[in-house]
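Novice: Below you'll find the structure I mean.
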Amino acid sequence: MSLQDDRKEYLNGELGDESLSANPIEMFLAWLEEYRLLGNSDSTAFALSTVSKDGTPDSRIVLLKEIRDEGFVFYTNYNSKKGRDISTNPNVHALFFWPEIERQIRIKGKVKKISRIESEKYFSSRPKLSQLGALSSNQSEKIKSRIDLELKFNSFKSESSNDYNCPDDWGGYYLSFEKIEFWQGRRNRMHDRLVFEIKWNSEWNSFRVQP
Ligand SMILES: Cc1cc2nc3c(=O)[nH]c(=O)nc-3n(C[C@H](O)[C@H](O)[C@H](O)COP(=O)(O)O)c2cc1C
């Protein structure tokens with residue numbers, strides 16, 4: 001079948017005007033809960049887009065690990081490509097796509113590092129082998145071969161420590177929200193799009209935009 005014939009109708013739901021008075025964070029939580037209940041793997045995965053110093057955008061998937069008043073928390077290597085982008089430009093975009101319920105959520109915001117203590121606490125809660133994986137990887141750096149990586153992993157493993165310290169260059173960021181758009185697919189491409197923008201007084205301004 002040609003790609004041009006690959007199309008579907010979106011029939012799963014709709015966003016009435018009453019949703020415009022919702023708190024977008026609570027609405028996000030309700031949508032996320034609905035999606036997680038479907039039992040999809042990686043339901044907290046989102047595409048994080050950053051922009052480098054020279055203005056070039058880049059995207060990759062990361063996992064949402066916590067939702068707080070200040071924003072969404074995710075973890076990564078601070079010296080990775082994304083970490084380097086963020087260090088010169090904290091403006092990012094997050095994109096969740098949940099095809100099973102025909103929804104998309106777009107978030108514009110800024111990221112900041114969480115505290116070292118919080119990163120260490122989360123790091124110590126991770127499975128030991130994931131901790132080793134983080135220790136073994138200078139994320140986004142070139143490596144000659146897979147074997148070199150495995151050797152590094154195994155040498156850390158053979159140190160037989162039961163308590164690995166959180167690497168200095170590994171930790172969390174929180175993404176504070178400035179704008180959130182909820183998209184619900186509708187029949188005939190007449191989709192619903194509700195946008196929430198934060199105002200100077202921390203209240204939300206909401207409006208509908210055309211599909
Ligand atoms: C399902 C999934 C979940 C991922 N979760 C994370 C994550 O939470 N943190 C992370 O640093 N990378 C995660 N990755 C890997 C990133 O997509 C990416 O390859 C890596 O962070 C390096 O990106 P960068 O070179 O742009 O910094 C995940 C990838 C996938 C496909």
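Scheme for the structure tokens: letters A, B, ... for chains in order shown; per-chain residue numbers from 1; ligand numbers from 1 in order shown.
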For segment 123-134 of chain A, list every protein, DNA or RNA residue within 9 Å, evaluated using only C-alpha atoms, and leave out those in the same chain fewer than 4 positions away; present the list as a PyMOL selection string.
Specialist: chain A and resi 76-77+118-119+138-139+153-154+156-157+162-167+170-171
Novice: Could you list, as a ChimeraX atom specification, all residues that come within 7 Å of ligand 1? Count only C-alpha atoms and all ligand atoms.
Specialist: /A:42,45,58-64,74-77,80-83,139-140
Novice: Write a file of the just-selected residues containing C-alpha atoms, as a CSV table (one decimal), in the first residue's frame.
Specialist:
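Wrote it out as out-v1.csv, contents follow:
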```
chain,number,residue,atom,x,y,z
A,42,ASP,CA,7.0,3.4,27.9
A,45,ALA,CA,8.2,8.5,27.1
A,58,ASP,CA,17.6,18.1,18.0
A,59,SER,CA,15.1,15.7,19.5
A,60,ARG,CA,15.3,12.4,21.4
A,61,ILE,CA,13.1,10.3,23.7
A,62,VAL,CA,13.4,10.5,27.4
A,63,LEU,CA,11.3,9.2,30.3
A,64,LEU,CA,9.2,11.3,32.6
A,74,PHE,CA,13.6,13.6,33.7
A,75,TYR,CA,17.1,12.1,34.1
A,76,THR,CA,20.1,12.1,31.8
A,77,ASN,CA,23.8,12.7,31.5
A,80,SER,CA,25.3,14.5,26.7
A,81,LYS,CA,24.4,16.4,23.5
A,82,LYS,CA,21.0,17.4,25.1
A,83,GLY,CA,22.9,18.5,28.3
A,139,GLN,CA,26.6,9.6,26.8
A,140,SER,CA,26.8,10.9,23.2
```
Novice: Between A:Gly16, A:Pro24, A:Pro90, A:Gly109, which one has atoms that come closest to Ser52 of chain A, using only C-alpha atoms?
Specialist: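 Distance minimum relative to Ser52 of chain A lands on A:Pro90.
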Novice: Hey, which of A:Glu33, A:Tyr78, A:Ser176, A:Gly39 ends up closest to Ala94 of chain A? Count only C-alpha atoms.
Specialist: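 Using only C-alpha atoms, the shortest distance to Ala94 of chain A belongs to A:Ser176.
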Novice: Rank A:Glu120, A:Asp192, A:Asp148, A:Glu178 by their smallest atom-to-atom distance to Ile25 of chain A, using only C-alpha atoms, and report the top residue only.
Specialist: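 So, comparing all the options, the nearest one is A:Glu178.
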Novice: Excluding same-chain residues fewer than 2 positions from Glu18 of chain A, what lies within 12 Å of it counting only C-alpha atoms, as a short mmCIF file (atom, residue, chain, number, x, y, z; two decimals) with C-alpha atoms, in the first residue's frame?
Specialist:
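Writing done, so here's part.cif:
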```
data_model
loop_
_atom_site.label_atom_id
_atom_site.label_comp_id
_atom_site.auth_asym_id
_atom_site.auth_seq_id
_atom_site.Cartn_x
_atom_site.Cartn_y
_atom_site.Cartn_z
CA GLU A 14 -13.45 15.14 21.87
CA LEU A 15 -12.53 18.22 23.87
CA GLY A 16 -15.50 20.39 24.76
CA LEU A 20 -10.75 25.27 28.60
CA SER A 21 -11.35 26.00 32.28
CA ALA A 22 -9.41 22.93 33.39
CA ASN A 23 -6.06 23.16 35.10
CA MET A 27 -5.67 17.54 32.70
CA LEU A 194 -6.75 23.49 23.31
CA SER A 206 -6.61 29.15 27.53
CA PHE A 207 -7.99 29.19 24.01
CA ARG A 208 -8.92 26.93 21.14
#
```
Novice: Using DSSP assignments from the backbone, pull out every residue in chain A that falls under alpha helix (DSSP H) and give it to me as a PyMOL selection string.
Specialist: chain A and resi 24-37+81-88+116-125+128-136+146-158
Novice: Write out as a PyMOL selection string each polymer residue whose atoms come within 7 Å of Tyr10 of chain A, counting only C-alpha atoms; drop sequence neighbours fewer than 5 positions from it.
Specialist: chain A and resi 102+185-187
Novice: Write out as a VMD selection string all residues of segment 35-203 of chain A that backbone DSSP assigns to strand (DSSP E or B).
Specialist: chain A and resid 45 to 51 57 to 63 66 to 68 71 to 77 91 to 98 103 to 113 170 to 184 192 to 198
Novice: Keeping only C-alpha atoms, write the selected residues to a file as a PDB file, in the first residue's frame.
Specialist:
```pdb
ATOM      1  CA  ALA A  45       8.193   8.477  27.099  1.00  0.00           C
ATOM      2  CA  PHE A  46       8.302  11.845  25.404  1.00  0.00           C
ATOM      3  CA  ALA A  47      10.329  13.514  22.693  1.00  0.00           C
ATOM      4  CA  LEU A  48      12.494  16.245  24.151  1.00  0.00           C
ATOM      5  CA  SER A  49      13.671  18.867  21.704  1.00  0.00           C
ATOM      6  CA  THR A  50      16.591  21.131  22.465  1.00  0.00           C
ATOM      7  CA  VAL A  51      18.340  23.798  20.437  1.00  0.00           C
ATOM      8  CA  PRO A  57      17.282  21.729  16.854  1.00  0.00           C
ATOM      9  CA  ASP A  58      17.641  18.128  18.011  1.00  0.00           C
ATOM     10  CA  SER A  59      15.129  15.650  19.480  1.00  0.00           C
ATOM     11  CA  ARG A  60      15.263  12.392  21.388  1.00  0.00           C
ATOM     12  CA  ILE A  61      13.059  10.302  23.652  1.00  0.00           C
ATOM     13  CA  VAL A  62      13.445  10.494  27.443  1.00  0.00           C
ATOM     14  CA  LEU A  63      11.287   9.180  30.275  1.00  0.00           C
ATOM     15  CA  GLU A  66       8.153  12.751  38.316  1.00  0.00           C
ATOM     16  CA  ILE A  67       5.606  15.522  38.057  1.00  0.00           C
ATOM     17  CA  ARG A  68       5.968  18.374  40.522  1.00  0.00           C
ATOM     18  CA  GLY A  71       7.504  20.866  36.261  1.00  0.00           C
ATOM     19  CA  PHE A  72       8.354  17.488  34.781  1.00  0.00           C
ATOM     20  CA  VAL A  73      11.471  15.678  35.967  1.00  0.00           C
ATOM     21  CA  PHE A  74      13.641  13.552  33.684  1.00  0.00           C
ATOM     22  CA  TYR A  75      17.122  12.137  34.117  1.00  0.00           C
ATOM     23  CA  THR A  76      20.106  12.076  31.831  1.00  0.00           C
ATOM     24  CA  ASN A  77      23.804  12.722  31.457  1.00  0.00           C
ATOM     25  CA  ASN A  91      14.350  26.548  26.156  1.00  0.00           C
ATOM     26  CA  VAL A  92      12.969  23.138  25.224  1.00  0.00           C
ATOM     27  CA  HIS A  93       9.896  21.445  23.826  1.00  0.00           C
ATOM     28  CA  ALA A  94       8.370  18.185  25.029  1.00  0.00           C
ATOM     29  CA  LEU A  95       6.063  16.080  22.891  1.00  0.00           C
ATOM     30  CA  PHE A  96       3.910  13.180  24.016  1.00  0.00           C
ATOM     31  CA  PHE A  97       2.153  11.124  21.340  1.00  0.00           C
ATOM     32  CA  TRP A  98      -0.385   8.552  22.474  1.00  0.00           C
ATOM     33  CA  ARG A 103      -3.859  12.289  21.555  1.00  0.00           C
ATOM     34  CA  GLN A 104      -0.845  14.535  21.387  1.00  0.00           C
ATOM     35  CA  ILE A 105       0.458  16.937  24.044  1.00  0.00           C
ATOM     36  CA  ARG A 106       2.984  19.651  23.240  1.00  0.00           C
ATOM     37  CA  ILE A 107       4.780  21.506  25.982  1.00  0.00           C
ATOM     38  CA  LYS A 108       7.001  24.555  25.728  1.00  0.00           C
ATOM     39  CA  GLY A 109       9.144  25.317  28.718  1.00  0.00           C
ATOM     40  CA  LYS A 110      12.516  25.847  30.297  1.00  0.00           C
ATOM     41  CA  VAL A 111      14.706  23.321  32.050  1.00  0.00           C
ATOM     42  CA  LYS A 112      16.845  23.595  35.158  1.00  0.00           C
ATOM     43  CA  LYS A 113      18.876  21.012  37.020  1.00  0.00           C
ATOM     44  CA  TRP A 170      24.467  12.417  35.714  1.00  0.00           C
ATOM     45  CA  GLY A 171      21.257  13.816  37.155  1.00  0.00           C
ATOM     46  CA  GLY A 172      17.812  15.257  36.699  1.00  0.00           C
ATOM     47  CA  TYR A 173      16.287  18.306  35.130  1.00  0.00           C
ATOM     48  CA  TYR A 174      12.875  19.753  35.656  1.00  0.00           C
ATOM     49  CA  LEU A 175      10.992  21.236  32.784  1.00  0.00           C
ATOM     50  CA  SER A 176       8.777  24.132  33.841  1.00  0.00           C
ATOM     51  CA  PHE A 177       5.695  24.733  31.717  1.00  0.00           C
ATOM     52  CA  GLU A 178       5.040  27.925  29.791  1.00  0.00           C
ATOM     53  CA  LYS A 179       2.609  26.610  27.199  1.00  0.00           C
ATOM     54  CA  ILE A 180       0.731  23.310  26.851  1.00  0.00           C
ATOM     55  CA  GLU A 181      -1.380  22.176  23.917  1.00  0.00           C
ATOM     56  CA  PHE A 182      -3.764  19.230  24.087  1.00  0.00           C
ATOM     57  CA  TRP A 183      -4.685  17.637  20.769  1.00  0.00           C
ATOM     58  CA  GLN A 184      -7.516  15.170  20.388  1.00  0.00           C
ATOM     59  CA  ASP A 192      -9.664  19.614  18.804  1.00  0.00           C
ATOM     60  CA  ARG A 193      -6.717  21.716  19.979  1.00  0.00           C
ATOM     61  CA  LEU A 194      -6.752  23.488  23.314  1.00  0.00           C
ATOM     62  CA  VAL A 195      -3.852  25.724  24.284  1.00  0.00           C
ATOM     63  CA  PHE A 196      -2.925  26.889  27.799  1.00  0.00           C
ATOM     64  CA  GLU A 197      -0.382  29.651  28.314  1.00  0.00           C
ATOM     65  CA  ILE A 198       0.933  30.748  31.666  1.00  0.00           C
TER      66      ILE A 198
END
```
Novice: Please report the interatomic distance between atom CA of Ser115 of chain A and atom CA of Phe28 of chain A in Å with one decimal.
Specialist: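 These atoms are spaced 24.7 Å apart.
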Novice: Between atom CA of Asp69 of chain A and atom CA of Trp204 of chain A, what is the distance, to one decimal in Å?
Specialist: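 Spanning atom CA of Asp69 of chain A to atom CA of Trp204 of chain A is a straight-line distance of 14.0 Å.
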Novice: Which value, in Å to one decimal, gives the distance between atom CA of Pro99 of chain A and atom CA of Gln210 of chain A?
Specialist: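 Interatomic distance here is 20.1 Å.
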